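Listing of data.txt; format and content: compact mmCIF, C-alpha atoms (C1' of nucleotides).
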```
# COMPACT_ATOMS: atom_id res chain seq x y z
CA MET A 8 20.89 105.58 -18.77
CA GLN A 9 17.67 106.69 -17.23
CA THR A 10 18.92 108.20 -14.05
CA ILE A 11 17.65 111.31 -12.35
CA GLU A 12 20.54 113.14 -13.97
CA ALA A 13 19.63 111.93 -17.45
CA GLN A 14 16.07 113.08 -16.91
CA ARG A 15 17.26 116.42 -15.71
CA ILE A 16 19.49 116.87 -18.73
CA GLU A 17 16.54 116.26 -21.06
CA LEU A 18 14.29 118.52 -19.04
CA TRP A 19 16.78 121.37 -19.08
CA LYS A 20 17.38 121.06 -22.80
CA ALA A 21 13.63 121.04 -23.43
CA ARG A 22 13.19 124.10 -21.25
CA LEU A 23 15.88 125.96 -23.11
CA GLU A 24 14.16 125.23 -26.41
CA GLU A 25 10.72 126.09 -25.07
CA SER A 26 12.09 129.41 -23.92
CA GLY A 27 13.33 130.19 -27.41
CA TYR A 28 16.99 129.39 -26.94
CA ARG A 29 18.81 127.36 -29.54
CA LEU A 30 20.23 124.06 -28.46
CA THR A 31 23.89 124.52 -29.25
CA ALA A 32 26.86 122.32 -28.54
CA PRO A 33 28.35 124.58 -25.83
CA ARG A 34 24.99 124.84 -24.07
CA LYS A 35 24.56 121.09 -24.09
CA VAL A 36 27.97 120.68 -22.50
CA VAL A 37 27.21 123.14 -19.72
CA VAL A 38 23.80 121.59 -19.09
CA GLU A 39 25.24 118.10 -18.91
CA ILE A 40 27.93 119.13 -16.45
CA LEU A 41 25.64 120.95 -14.07
CA ALA A 42 22.68 118.63 -14.27
CA CYS A 43 24.94 115.82 -13.05
CA SER A 44 27.06 117.63 -10.50
CA GLN A 45 26.48 117.19 -6.81
CA HIS A 46 29.13 119.75 -6.11
CA ILE A 47 29.12 123.48 -6.36
CA LEU A 48 30.94 124.50 -9.52
CA THR A 49 32.38 127.87 -10.43
CA PRO A 50 32.23 129.19 -14.00
CA LEU A 51 35.92 128.42 -14.36
CA GLN A 52 35.44 124.85 -13.16
CA VAL A 53 32.59 124.33 -15.60
CA TYR A 54 34.80 125.74 -18.33
CA GLU A 55 37.69 123.42 -17.49
CA ILE A 56 35.52 120.33 -17.28
CA GLY A 57 33.68 121.35 -20.43
CA ARG A 58 36.80 121.82 -22.51
CA LYS A 59 37.67 118.16 -22.04
CA ARG A 60 34.49 117.29 -23.89
CA TYR A 61 34.36 120.21 -26.29
CA ALA A 62 37.76 121.71 -26.81
CA ASN A 63 36.56 124.91 -28.40
CA LEU A 64 34.32 125.92 -25.50
CA GLY A 65 34.70 129.55 -24.46
CA LEU A 66 34.62 130.84 -20.91
CA VAL A 67 32.35 133.68 -21.97
CA THR A 68 29.80 131.22 -23.24
CA VAL A 69 29.93 129.39 -19.93
CA TYR A 70 29.14 132.63 -18.13
CA ARG A 71 26.29 133.37 -20.50
CA THR A 72 24.82 129.88 -20.24
CA LEU A 73 25.01 129.88 -16.46
CA GLU A 74 23.18 133.19 -16.41
CA THR A 75 20.48 131.87 -18.71
CA LEU A 76 20.01 128.67 -16.71
CA GLU A 77 19.81 130.68 -13.52
CA GLN A 78 17.20 133.03 -14.97
CA LEU A 79 15.12 130.07 -16.09
CA GLY A 80 15.24 128.69 -12.55
CA MET A 81 17.33 125.62 -13.30
CA LEU A 82 20.44 126.79 -11.50
CA TRP A 83 21.01 128.38 -8.15
CA ARG A 84 23.93 130.58 -7.37
CA VAL A 85 25.25 129.40 -4.02
CA HIS A 86 26.43 131.91 -1.47
CA GLN A 87 29.10 130.81 0.96
CA PRO A 88 31.31 132.52 3.51
CA GLN A 89 34.28 131.91 1.20
CA GLY A 90 32.66 133.31 -1.91
CA CYS A 91 29.60 133.36 -4.10
CA GLN A 92 30.74 132.24 -7.54
CA GLY A 93 29.34 128.73 -7.42
CA PHE A 94 26.32 127.16 -9.06
CA VAL A 95 24.28 124.01 -8.45
CA ALA A 96 21.14 122.50 -9.92
CA ALA A 97 18.05 124.06 -8.39
CA PRO A 98 15.86 121.48 -6.69
CA VAL A 99 12.27 120.98 -7.76
CA GLY A 100 10.05 122.10 -4.90
CA HIS A 101 10.82 123.97 -1.72
CA PHE A 102 14.22 122.90 -0.51
CA HIS A 103 17.20 124.36 1.25
CA LEU A 104 20.88 123.70 0.87
CA LEU A 105 23.40 121.90 2.99
CA VAL A 106 26.90 122.62 1.75
CA CYS A 107 30.15 120.86 2.51
CA GLN A 108 32.81 123.45 3.17
CA GLU A 109 35.59 121.04 2.30
CA CYS A 110 34.54 119.78 -1.11
CA GLY A 111 31.48 121.79 -2.10
CA ARG A 112 29.13 118.82 -2.08
CA VAL A 113 25.52 119.89 -1.85
CA GLU A 114 22.51 118.16 -0.38
CA TYR A 115 18.95 119.41 -0.42
CA PHE A 116 16.65 119.28 2.56
CA SER A 117 13.10 120.43 3.10
CA GLY A 118 13.03 123.00 5.84
CA ASP A 119 10.16 122.90 8.24
CA TYR A 120 7.87 124.86 5.97
CA ARG A 121 5.30 125.52 8.66
CA SER A 122 7.71 127.00 11.16
CA MET A 123 9.37 129.05 8.43
CA GLU A 124 6.02 130.62 7.63
CA VAL A 125 5.50 131.32 11.31
CA ILE A 126 8.87 133.02 11.57
CA CYS A 127 8.26 135.12 8.45
CA GLY A 128 4.84 136.14 9.69
CA ARG A 129 6.09 137.10 13.11
CA VAL A 130 9.02 139.05 11.73
CA ALA A 131 6.80 140.83 9.21
CA ALA A 132 4.36 141.85 11.93
CA GLN A 133 7.07 143.13 14.24
CA SER A 134 9.09 144.98 11.64
CA GLY A 135 6.50 146.33 9.23
CA PHE A 136 8.40 144.69 6.38
CA ARG A 137 6.64 142.88 3.59
CA VAL A 138 8.66 139.67 3.56
CA ILE A 139 9.25 138.33 0.05
CA GLU A 140 11.90 135.68 0.22
CA HIS A 141 13.92 133.67 2.68
CA TRP A 142 17.25 131.93 2.65
CA LEU A 143 18.03 129.03 4.93
CA GLN A 144 21.31 127.32 4.38
CA LEU A 145 23.45 124.99 6.44
CA PHE A 146 27.19 124.53 6.22
CA GLY A 147 29.24 121.62 7.43
CA VAL A 148 31.51 118.77 6.49
CA CYS A 149 30.13 115.85 4.48
CA ALA A 150 30.56 112.22 5.43
CA ALA A 151 33.29 111.63 2.85
CA CYS A 152 35.33 114.61 4.00
CA GLN A 153 35.07 113.62 7.66
CA ALA A 154 36.79 110.32 6.93
CA MET B 20 24.77 161.55 23.26
CA GLN B 21 24.49 158.22 24.98
CA THR B 22 22.62 156.27 22.35
CA ILE B 23 23.09 152.64 21.43
CA GLU B 24 25.18 153.83 18.53
CA ALA B 25 27.46 155.91 20.75
CA GLN B 26 27.98 152.93 23.01
CA ARG B 27 28.74 150.75 20.06
CA ILE B 28 31.30 153.22 18.73
CA GLU B 29 33.12 153.20 22.06
CA LEU B 30 32.91 149.43 22.31
CA TRP B 31 34.32 148.93 18.84
CA LYS B 32 37.16 151.36 19.42
CA ALA B 33 37.99 149.63 22.69
CA ARG B 34 37.94 146.25 21.01
CA LEU B 35 40.30 147.44 18.30
CA GLU B 36 42.74 148.67 20.93
CA GLU B 37 42.43 145.52 23.03
CA SER B 38 43.22 143.49 19.96
CA GLY B 39 46.41 145.42 19.41
CA TYR B 40 45.27 147.71 16.64
CA ARG B 41 46.09 151.39 16.76
CA LEU B 42 43.23 153.79 16.97
CA THR B 43 43.83 155.90 13.90
CA ALA B 44 41.75 158.62 12.32
CA PRO B 45 40.68 156.54 9.30
CA ARG B 46 39.66 153.64 11.52
CA LYS B 47 37.61 155.92 13.74
CA VAL B 48 35.79 157.25 10.72
CA VAL B 49 34.93 153.77 9.43
CA VAL B 50 33.86 152.63 12.89
CA GLU B 51 31.62 155.64 13.37
CA ILE B 52 29.92 155.17 10.01
CA LEU B 53 29.20 151.49 10.42
CA ALA B 54 28.32 151.52 14.09
CA CYS B 55 25.53 153.98 13.28
CA SER B 56 24.27 152.66 10.00
CA GLN B 57 21.03 150.75 9.79
CA HIS B 58 21.65 150.14 6.13
CA ILE B 59 23.96 147.79 4.35
CA LEU B 60 26.96 149.73 3.10
CA THR B 61 29.48 148.74 0.47
CA PRO B 62 33.17 149.60 0.82
CA LEU B 63 32.71 152.32 -1.79
CA GLN B 64 29.77 153.81 0.08
CA VAL B 65 31.74 153.84 3.33
CA TYR B 66 34.59 155.50 1.47
CA GLU B 67 32.36 158.19 0.01
CA ILE B 68 30.64 158.95 3.30
CA GLY B 69 33.96 158.87 5.11
CA ARG B 70 35.67 161.32 2.78
CA LYS B 71 33.17 163.98 3.75
CA ARG B 72 34.48 163.75 7.31
CA TYR B 73 38.09 162.96 6.57
CA ALA B 74 39.08 164.10 3.12
CA ASN B 75 42.29 162.12 2.96
CA LEU B 76 40.67 158.75 3.59
CA GLY B 77 41.81 156.04 1.19
CA LEU B 78 39.61 153.33 -0.25
CA VAL B 79 42.26 150.72 0.49
CA THR B 80 42.15 151.61 4.15
CA VAL B 81 38.39 151.23 4.12
CA TYR B 82 38.78 147.73 2.73
CA ARG B 83 41.39 146.88 5.32
CA THR B 84 39.36 148.25 8.19
CA LEU B 85 36.23 146.44 7.11
CA GLU B 86 38.20 143.22 6.97
CA THR B 87 39.58 143.79 10.44
CA LEU B 88 36.19 144.64 11.93
CA GLU B 89 34.71 141.57 10.30
CA GLN B 90 37.45 139.32 11.65
CA LEU B 91 36.90 140.71 15.14
CA GLY B 92 33.20 139.89 14.83
CA MET B 93 31.92 143.45 14.80
CA LEU B 94 30.81 143.46 11.18
CA TRP B 95 28.88 141.02 9.08
CA ARG B 96 29.22 140.75 5.35
CA VAL B 97 25.69 140.56 4.01
CA HIS B 98 24.88 138.27 1.11
CA GLN B 99 22.01 139.27 -1.15
CA PRO B 100 20.68 138.05 -4.47
CA GLN B 101 21.99 141.25 -6.05
CA GLY B 102 25.47 141.00 -4.61
CA CYS B 103 27.56 140.37 -1.56
CA GLN B 104 29.67 143.48 -1.08
CA GLY B 105 27.72 144.98 1.82
CA PHE B 106 28.48 145.20 5.53
CA VAL B 107 26.40 145.85 8.63
CA ALA B 108 27.05 145.88 12.35
CA ALA B 109 26.94 142.37 13.76
CA PRO B 110 24.29 142.01 16.46
CA VAL B 111 25.22 140.88 19.95
CA GLY B 112 23.73 137.44 20.48
CA HIS B 113 22.10 135.00 18.12
CA PHE B 114 20.16 137.00 15.54
CA HIS B 115 19.26 136.76 11.90
CA LEU B 116 18.87 139.45 9.26
CA LEU B 117 15.89 140.92 7.56
CA VAL B 118 16.98 143.01 4.61
CA CYS B 119 15.05 145.59 2.60
CA GLN B 120 15.72 144.99 -1.06
CA GLU B 121 14.84 148.57 -1.96
CA CYS B 122 17.03 150.56 0.40
CA GLY B 123 19.25 148.03 2.16
CA ARG B 124 17.80 148.70 5.60
CA VAL B 125 18.55 145.89 8.01
CA GLU B 126 16.64 144.62 11.01
CA TYR B 127 17.70 141.86 13.35
CA PHE B 128 15.41 139.13 14.58
CA SER B 129 15.95 136.15 16.83
CA GLY B 130 15.19 133.00 14.93
CA ASP B 131 13.42 130.21 16.71
CA TYR B 132 16.58 128.81 18.18
CA ARG B 133 15.01 125.58 19.32
CA SER B 134 13.51 124.68 15.95
CA MET B 135 16.74 125.63 14.22
CA GLU B 136 18.59 123.13 16.37
CA VAL B 137 15.99 120.54 15.53
CA ILE B 138 16.39 121.16 11.82
CA CYS B 139 20.18 121.02 12.02
CA GLY B 140 20.04 117.80 14.01
CA ARG B 141 17.61 116.14 11.64
CA VAL B 142 19.57 117.20 8.57
CA ALA B 143 22.84 116.06 10.12
CA ALA B 144 21.37 112.64 10.93
CA GLN B 145 19.92 112.15 7.47
CA SER B 146 22.91 113.38 5.50
CA GLY B 147 25.87 112.26 7.56
CA PHE B 148 27.16 115.83 7.53
CA ARG B 149 28.63 117.43 10.59
CA VAL B 150 26.69 120.70 10.57
CA ILE B 151 28.79 123.66 11.65
CA GLU B 152 26.96 126.82 10.77
CA HIS B 153 23.60 128.04 9.52
CA TRP B 154 22.35 131.05 7.67
CA LEU B 155 18.78 132.25 7.94
CA GLN B 156 17.98 135.49 6.22
CA LEU B 157 14.77 137.15 5.12
CA PHE B 158 14.34 139.64 2.31
CA GLY B 159 11.51 142.07 1.77
CA VAL B 160 10.48 145.69 1.55
CA CYS B 161 10.65 147.86 4.65
CA ALA B 162 7.79 150.01 5.89
CA ALA B 163 9.32 153.22 4.54
CA CYS B 164 9.87 151.78 1.06
CA GLN B 165 6.33 150.43 0.89
CA ALA B 166 4.90 153.93 1.27
C1' DA C 27 19.73 123.77 -49.28
C1' DT C 28 19.17 128.77 -47.89
C1' DG C 29 19.23 132.82 -45.24
C1' DA C 30 17.90 135.56 -41.28
C1' DA C 31 18.81 135.63 -36.72
C1' DA C 32 20.92 133.79 -32.69
C1' DT C 33 25.14 132.31 -30.82
C1' DT C 34 29.88 131.90 -30.40
C1' DG C 35 34.81 132.83 -28.86
C1' DA C 36 38.76 136.04 -28.80
C1' DA C 37 40.20 140.28 -27.35
C1' DA C 38 39.48 144.30 -24.92
C1' DA C 39 37.17 146.71 -21.32
C1' DT C 40 35.40 147.05 -16.80
C1' DC C 41 34.90 146.63 -11.96
C1' DA C 42 35.95 145.23 -7.35
C1' DT C 43 39.55 143.92 -4.62
C1' DT C 44 44.47 143.09 -3.32
C1' DT C 45 49.34 143.91 -3.34
C1' DT C 46 53.35 146.77 -3.19
C1' DC C 47 55.92 150.26 -1.26
C1' DA C 48 57.52 154.74 0.14
C1' DT C 49 55.67 157.97 3.47
C1' DT C 50 53.25 159.18 7.71
C1' DA C 51 51.12 158.58 12.22
C1' DT C 52 50.92 156.18 16.57
C1' DA C 53 52.07 154.80 21.07
C1' DT C 54 55.59 153.42 24.01
C1' DA C 55 60.12 153.77 26.26
C1' DG C 56 63.23 156.78 27.88
C1' DC D 4 58.07 165.68 26.38
C1' DT D 5 60.81 163.71 22.78
C1' DA D 6 62.77 159.91 20.21
C1' DT D 7 61.98 155.80 18.07
C1' DA D 8 60.42 151.37 16.50
C1' DT D 9 56.63 149.84 14.31
C1' DA D 10 51.99 149.90 12.61
C1' DA D 11 49.22 152.04 9.40
C1' DT D 12 48.33 154.85 5.51
C1' DG D 13 47.28 156.13 0.60
C1' DA D 14 48.71 156.16 -4.31
C1' DA D 15 49.72 153.37 -7.96
C1' DA D 16 50.02 149.06 -10.00
C1' DA D 17 48.54 144.35 -10.19
C1' DT D 18 45.15 140.94 -10.01
C1' DG D 19 41.06 138.27 -10.89
C1' DA D 20 36.42 137.77 -12.03
C1' DT D 21 33.04 139.22 -15.05
C1' DT D 22 31.10 141.89 -19.02
C1' DT D 23 31.17 144.07 -23.47
C1' DT D 24 32.27 144.29 -28.26
C1' DC D 25 32.33 142.41 -32.65
C1' DA D 26 33.39 139.67 -36.64
C1' DA D 27 32.81 134.86 -37.74
C1' DT D 28 30.05 130.76 -37.17
C1' DT D 29 26.09 127.91 -36.21
C1' DT D 30 21.29 126.97 -35.84
C1' DC D 31 16.79 126.19 -37.45
C1' DA D 32 12.60 127.57 -39.87
C1' DT D 33 11.65 127.93 -44.51
```

Could you quickly redo this structure as structure tokens?
Amino acid sequence: MQTIEAQRIELWKARLEESGYRLTAPRKVVVEILACSQHILTPLQVYEIGRKRYANLGLVTVYRTLETLEQLGMLWRVHQPQGCQGFVAAPVGHFHLLVCQECGRVEYFSGDYRSMEVICGRVAAQSGFRVIEHWLQLFGVCAACQA
Amino acid sequence: MQTIEAQRIELWKARLEESGYRLTAPRKVVVEILACSQHILTPLQVYEIGRKRYANLGLVTVYRTLETLEQLGMLWRVHQPQGCQGFVAAPVGHFHLLVCQECGRVEYFSGDYRSMEVICGRVAAQSGFRVIEHWLQLFGVCAACQA
DNA sequence: ATGAAATTGAAAATCATTTTCATTATATAG
DNA sequence: CTATATAATGAAAATGATTTTCAATTTCAT
């Protein structure tokens, strides 16, 4: 296959190696699961899916790999009203998340970058804050879950 | 005093009573702390501050009171990259948060409501999602912490 | 192939939060 | 104002997610 997911898997593996991490079997499993998932996955979910492919996988290793992938910018931790344990593939470029509250499906959208800058600038001027980062996230129900 | 904070304390107490909750000493303590705080506070911080005023205060009661105040719409749980245990007073009206990453100070700003609606509408149309809720939050360093 | 170093998984520890439950405080009826 | 039903409390125990520890294993440069 030469899908987006397949490309992402290769990219993530290459990035791990470039960053000095060894390409181990458990790491490959975690990478393959998350690079292909369009749903938010918790560490436990990754562990359970992963064990079907690699029976000896440890939950601790899942936690450690998720942390590494997040630090390297490949994963995002997703915050939701119901909890903040989930991870999804970080998009390439400036995107925001749309999350289905039923099934955890995630879509990426490009916020209006211009107006976001305007808002940040205005808020910075009024508050005296130096604004560093912004979060914009939408929640809803995906097409499949509406049916 | 007849400050905003004093008004908020009275309002929150009244709301608790209206909603059928008893106005107990521990609840008053928690209300008074959070109605006056301009910083994000964790349950443990509320507990520690509260014990100075009411030595017998229990941490469990703090948790329960925070939950109640959140359910009644008076408190917001604040999500941050570093963690999601903090609470602040919910603003009256449609506002977003600006959070100082050094000290946890919070300011409220009104997002551009119009353009937010536009974004939600566009994203809904493109994705097939029914969009229910949005989060917009800015992070930075407040004036005091920059000095 | 070899060996140093990184990585692993199991078990134990930790930390925040929730549940349980006997005791206490509240507010309402009398 | 007192009695009383009930809500609320706090201590202890339980839970659940995450982190630490550590001996055994795997990886990869030599």

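Within 12 Å of chain B, chain C contributes the residues DC41, DA42, DT43, DT44, DT45, DT50, DA51, DT52 and DA53 of chain C, using only C-alpha atoms (C1' of nucleotides).
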
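Taking atom CA of Val137 of chain B as the reference point, atom CA of His86 of chain A is found at 23.0 Å.
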
I need the contact residues of chain D against chain B, so if you could list those with any atom within 10 Å, counting only C-alpha atoms (C1' of nucleotides), and return them as a PyMOL selection string, that would help. chain D and resi 10-14

Counting all atoms listed in the file, which residues of chain A come no farther than 10 Å from chain B, as a VMD selection string? chain A and resid 84 to 88 90 to 91 105 to 108 114 to 119 122 to 123 125 to 127 129 to 131 133 to 153

Only C-alpha atoms, please: the residues just picked out, written as a compact mmCIF listing (two decimals), in the frame of the given file.
```txt
# COMPACT_ATOMS: atom_id res chain seq x y z
CA ARG A 84 23.93 130.58 -7.37
CA VAL A 85 25.25 129.40 -4.02
CA HIS A 86 26.43 131.91 -1.47
CA GLN A 87 29.10 130.81 0.96
CA PRO A 88 31.31 132.52 3.51
CA GLY A 90 32.66 133.31 -1.91
CA CYS A 91 29.60 133.36 -4.10
CA LEU A 105 23.40 121.90 2.99
CA VAL A 106 26.90 122.62 1.75
CA CYS A 107 30.15 120.86 2.51
CA GLN A 108 32.81 123.45 3.17
CA GLU A 114 22.51 118.16 -0.38
CA TYR A 115 18.95 119.41 -0.42
CA PHE A 116 16.65 119.28 2.56
CA SER A 117 13.10 120.43 3.10
CA GLY A 118 13.03 123.00 5.84
CA ASP A 119 10.16 122.90 8.24
CA SER A 122 7.71 127.00 11.16
CA MET A 123 9.37 129.05 8.43
CA VAL A 125 5.50 131.32 11.31
CA ILE A 126 8.87 133.02 11.57
CA CYS A 127 8.26 135.12 8.45
CA ARG A 129 6.09 137.10 13.11
CA VAL A 130 9.02 139.05 11.73
CA ALA A 131 6.80 140.83 9.21
CA GLN A 133 7.07 143.13 14.24
CA SER A 134 9.09 144.98 11.64
CA GLY A 135 6.50 146.33 9.23
CA PHE A 136 8.40 144.69 6.38
CA ARG A 137 6.64 142.88 3.59
CA VAL A 138 8.66 139.67 3.56
CA ILE A 139 9.25 138.33 0.05
CA GLU A 140 11.90 135.68 0.22
CA HIS A 141 13.92 133.67 2.68
CA TRP A 142 17.25 131.93 2.65
CA LEU A 143 18.03 129.03 4.93
CA GLN A 144 21.31 127.32 4.38
CA LEU A 145 23.45 124.99 6.44
CA PHE A 146 27.19 124.53 6.22
CA GLY A 147 29.24 121.62 7.43
CA VAL A 148 31.51 118.77 6.49
CA CYS A 149 30.13 115.85 4.48
CA ALA A 150 30.56 112.22 5.43
CA ALA A 151 33.29 111.63 2.85
CA CYS A 152 35.33 114.61 4.00
CA GLN A 153 35.07 113.62 7.66
```

Between atom CA of Ile28 of chain B and atom CA of Val50 of chain B, what is the spacing in Å? 6.4 Å

Once chain A is superposed on chain B with a least-squares fit on all C-alpha pairs taken in order, can you show it as a tab-separated table (two decimals) with C-alpha atoms, in the coordinates of the input?
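Output (result02.tsv):
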```
chain	number	residue	atom	x	y	z
A	8	MET	CA	24.87	161.38	23.23
A	9	GLN	CA	24.52	158.08	24.96
A	10	THR	CA	22.63	156.16	22.37
A	11	ILE	CA	23.09	152.54	21.44
A	12	GLU	CA	25.19	153.76	18.53
A	13	ALA	CA	27.46	155.82	20.77
A	14	GLN	CA	27.98	152.82	23.00
A	15	ARG	CA	28.76	150.67	20.04
A	16	ILE	CA	31.29	153.14	18.73
A	17	GLU	CA	33.14	153.10	22.06
A	18	LEU	CA	32.94	149.34	22.29
A	19	TRP	CA	34.35	148.85	18.81
A	20	LYS	CA	37.18	151.29	19.40
A	21	ALA	CA	38.03	149.55	22.67
A	22	ARG	CA	37.99	146.18	20.96
A	23	LEU	CA	40.32	147.38	18.26
A	24	GLU	CA	42.78	148.60	20.88
A	25	GLU	CA	42.47	145.44	22.96
A	26	SER	CA	43.26	143.43	19.88
A	27	GLY	CA	46.46	145.38	19.34
A	28	TYR	CA	45.30	147.69	16.59
A	29	ARG	CA	46.14	151.36	16.75
A	30	LEU	CA	43.27	153.77	16.95
A	31	THR	CA	43.85	155.89	13.89
A	32	ALA	CA	41.76	158.62	12.35
A	33	PRO	CA	40.66	156.57	9.31
A	34	ARG	CA	39.66	153.65	11.52
A	35	LYS	CA	37.62	155.89	13.76
A	36	VAL	CA	35.77	157.24	10.74
A	37	VAL	CA	34.93	153.78	9.44
A	38	VAL	CA	33.85	152.59	12.88
A	39	GLU	CA	31.62	155.60	13.39
A	40	ILE	CA	29.93	155.15	10.03
A	41	LEU	CA	29.19	151.48	10.42
A	42	ALA	CA	28.32	151.47	14.09
A	43	CYS	CA	25.54	153.95	13.32
A	44	SER	CA	24.27	152.63	10.01
A	45	GLN	CA	21.03	150.72	9.79
A	46	HIS	CA	21.65	150.14	6.14
A	47	ILE	CA	23.95	147.80	4.34
A	48	LEU	CA	26.96	149.75	3.11
A	49	THR	CA	29.47	148.78	0.46
A	50	PRO	CA	33.16	149.65	0.82
A	51	LEU	CA	32.70	152.38	-1.76
A	52	GLN	CA	29.75	153.86	0.12
A	53	VAL	CA	31.72	153.87	3.35
A	54	TYR	CA	34.56	155.55	1.50
A	55	GLU	CA	32.31	158.25	0.06
A	56	ILE	CA	30.60	158.98	3.35
A	57	GLY	CA	33.93	158.90	5.15
A	58	ARG	CA	35.62	161.37	2.86
A	59	LYS	CA	33.11	164.03	3.85
A	60	ARG	CA	34.43	163.79	7.38
A	61	TYR	CA	38.05	163.01	6.63
A	62	ALA	CA	39.02	164.17	3.19
A	63	ASN	CA	42.23	162.20	2.98
A	64	LEU	CA	40.61	158.82	3.61
A	65	GLY	CA	41.75	156.11	1.21
A	66	LEU	CA	39.56	153.40	-0.26
A	67	VAL	CA	42.23	150.82	0.47
A	68	THR	CA	42.12	151.68	4.13
A	69	VAL	CA	38.36	151.27	4.11
A	70	TYR	CA	38.77	147.78	2.69
A	71	ARG	CA	41.39	146.92	5.27
A	72	THR	CA	39.35	148.28	8.17
A	73	LEU	CA	36.22	146.46	7.07
A	74	GLU	CA	38.20	143.24	6.92
A	75	THR	CA	39.60	143.79	10.39
A	76	LEU	CA	36.20	144.62	11.88
A	77	GLU	CA	34.72	141.56	10.24
A	78	GLN	CA	37.47	139.30	11.59
A	79	LEU	CA	36.91	140.68	15.08
A	80	GLY	CA	33.22	139.85	14.78
A	81	MET	CA	31.92	143.41	14.77
A	82	LEU	CA	30.82	143.44	11.16
A	83	TRP	CA	28.90	141.00	9.05
A	84	ARG	CA	29.23	140.77	5.34
A	85	VAL	CA	25.69	140.57	3.99
A	86	HIS	CA	24.89	138.27	1.12
A	87	GLN	CA	22.04	139.23	-1.15
A	88	PRO	CA	20.70	138.02	-4.48
A	89	GLN	CA	21.99	141.24	-6.05
A	90	GLY	CA	25.48	141.01	-4.63
A	91	CYS	CA	27.59	140.40	-1.57
A	92	GLN	CA	29.69	143.52	-1.09
A	93	GLY	CA	27.75	145.00	1.79
A	94	PHE	CA	28.49	145.20	5.49
A	95	VAL	CA	26.40	145.84	8.61
A	96	ALA	CA	27.05	145.85	12.33
A	97	ALA	CA	26.94	142.34	13.73
A	98	PRO	CA	24.29	141.96	16.41
A	99	VAL	CA	25.22	140.85	19.90
A	100	GLY	CA	23.69	137.43	20.46
A	101	HIS	CA	22.05	135.00	18.09
A	102	PHE	CA	20.15	136.97	15.51
A	103	HIS	CA	19.25	136.76	11.87
A	104	LEU	CA	18.86	139.42	9.24
A	105	LEU	CA	15.88	140.92	7.53
A	106	VAL	CA	16.99	143.01	4.58
A	107	CYS	CA	15.09	145.58	2.58
A	108	GLN	CA	15.76	145.01	-1.09
A	109	GLU	CA	14.87	148.58	-1.97
A	110	CYS	CA	17.07	150.56	0.39
A	111	GLY	CA	19.29	148.05	2.16
A	112	ARG	CA	17.82	148.70	5.59
A	113	VAL	CA	18.55	145.88	7.99
A	114	GLU	CA	16.64	144.61	10.98
A	115	TYR	CA	17.70	141.84	13.31
A	116	PHE	CA	15.38	139.13	14.54
A	117	SER	CA	15.90	136.14	16.77
A	118	GLY	CA	15.09	133.01	14.85
A	119	ASP	CA	13.31	130.27	16.68
A	120	TYR	CA	16.49	128.86	18.16
A	121	ARG	CA	14.87	125.64	19.29
A	122	SER	CA	13.43	124.72	15.92
A	123	MET	CA	16.68	125.68	14.21
A	124	GLU	CA	18.52	123.20	16.39
A	125	VAL	CA	15.93	120.57	15.55
A	126	ILE	CA	16.36	121.18	11.84
A	127	CYS	CA	20.16	121.05	12.08
A	128	GLY	CA	20.02	117.86	14.09
A	129	ARG	CA	17.63	116.17	11.72
A	130	VAL	CA	19.60	117.21	8.66
A	131	ALA	CA	22.87	116.09	10.24
A	132	ALA	CA	21.42	112.68	11.07
A	133	GLN	CA	19.99	112.16	7.60
A	134	SER	CA	22.99	113.38	5.65
A	135	GLY	CA	25.96	112.29	7.73
A	136	PHE	CA	27.22	115.87	7.69
A	137	ARG	CA	28.66	117.51	10.75
A	138	VAL	CA	26.70	120.76	10.70
A	139	ILE	CA	28.79	123.76	11.76
A	140	GLU	CA	26.92	126.89	10.85
A	141	HIS	CA	23.59	128.08	9.56
A	142	TRP	CA	22.34	131.08	7.68
A	143	LEU	CA	18.77	132.26	7.92
A	144	GLN	CA	17.97	135.48	6.20
A	145	LEU	CA	14.77	137.15	5.07
A	146	PHE	CA	14.36	139.63	2.26
A	147	GLY	CA	11.55	142.07	1.72
A	148	VAL	CA	10.52	145.68	1.50
A	149	CYS	CA	10.66	147.87	4.61
A	150	ALA	CA	7.80	150.02	5.83
A	151	ALA	CA	9.35	153.23	4.51
A	152	CYS	CA	9.89	151.81	1.04
A	153	GLN	CA	6.35	150.45	0.84
A	154	ALA	CA	4.94	153.95	1.25
```

Hey, can you check how far atom C1' of DT22 of chain D sits from atom C1' of DA38 of chain C?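 Rounded to one decimal, the two atoms are 10.5 Å apart.
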
Counting only C-alpha atoms (C1' of nucleotides), which residues sit no farther than 12 Å from the position (31.9, 146.4, 14.2) in the file's frame? I'd like them as a VMD selection string. chain B and resid 24 26 to 35 46 to 47 49 to 56 84 to 96 106 to 111

Every residue with an atom at most 12 Å from (18.7, 136.8, -37.2) (file coordinates; all atoms listed in the file) is what I'm after, so could you write them as JSON, numbers by chain? {"C": [29, 30, 31, 32, 33], "D": [29, 30, 31, 32]}

Residue with smallest distance to DC4 of chain D - pool C:DA39, C:DA27, C:DG56, C:DC47, counting all atoms listed in the file: C:DG56
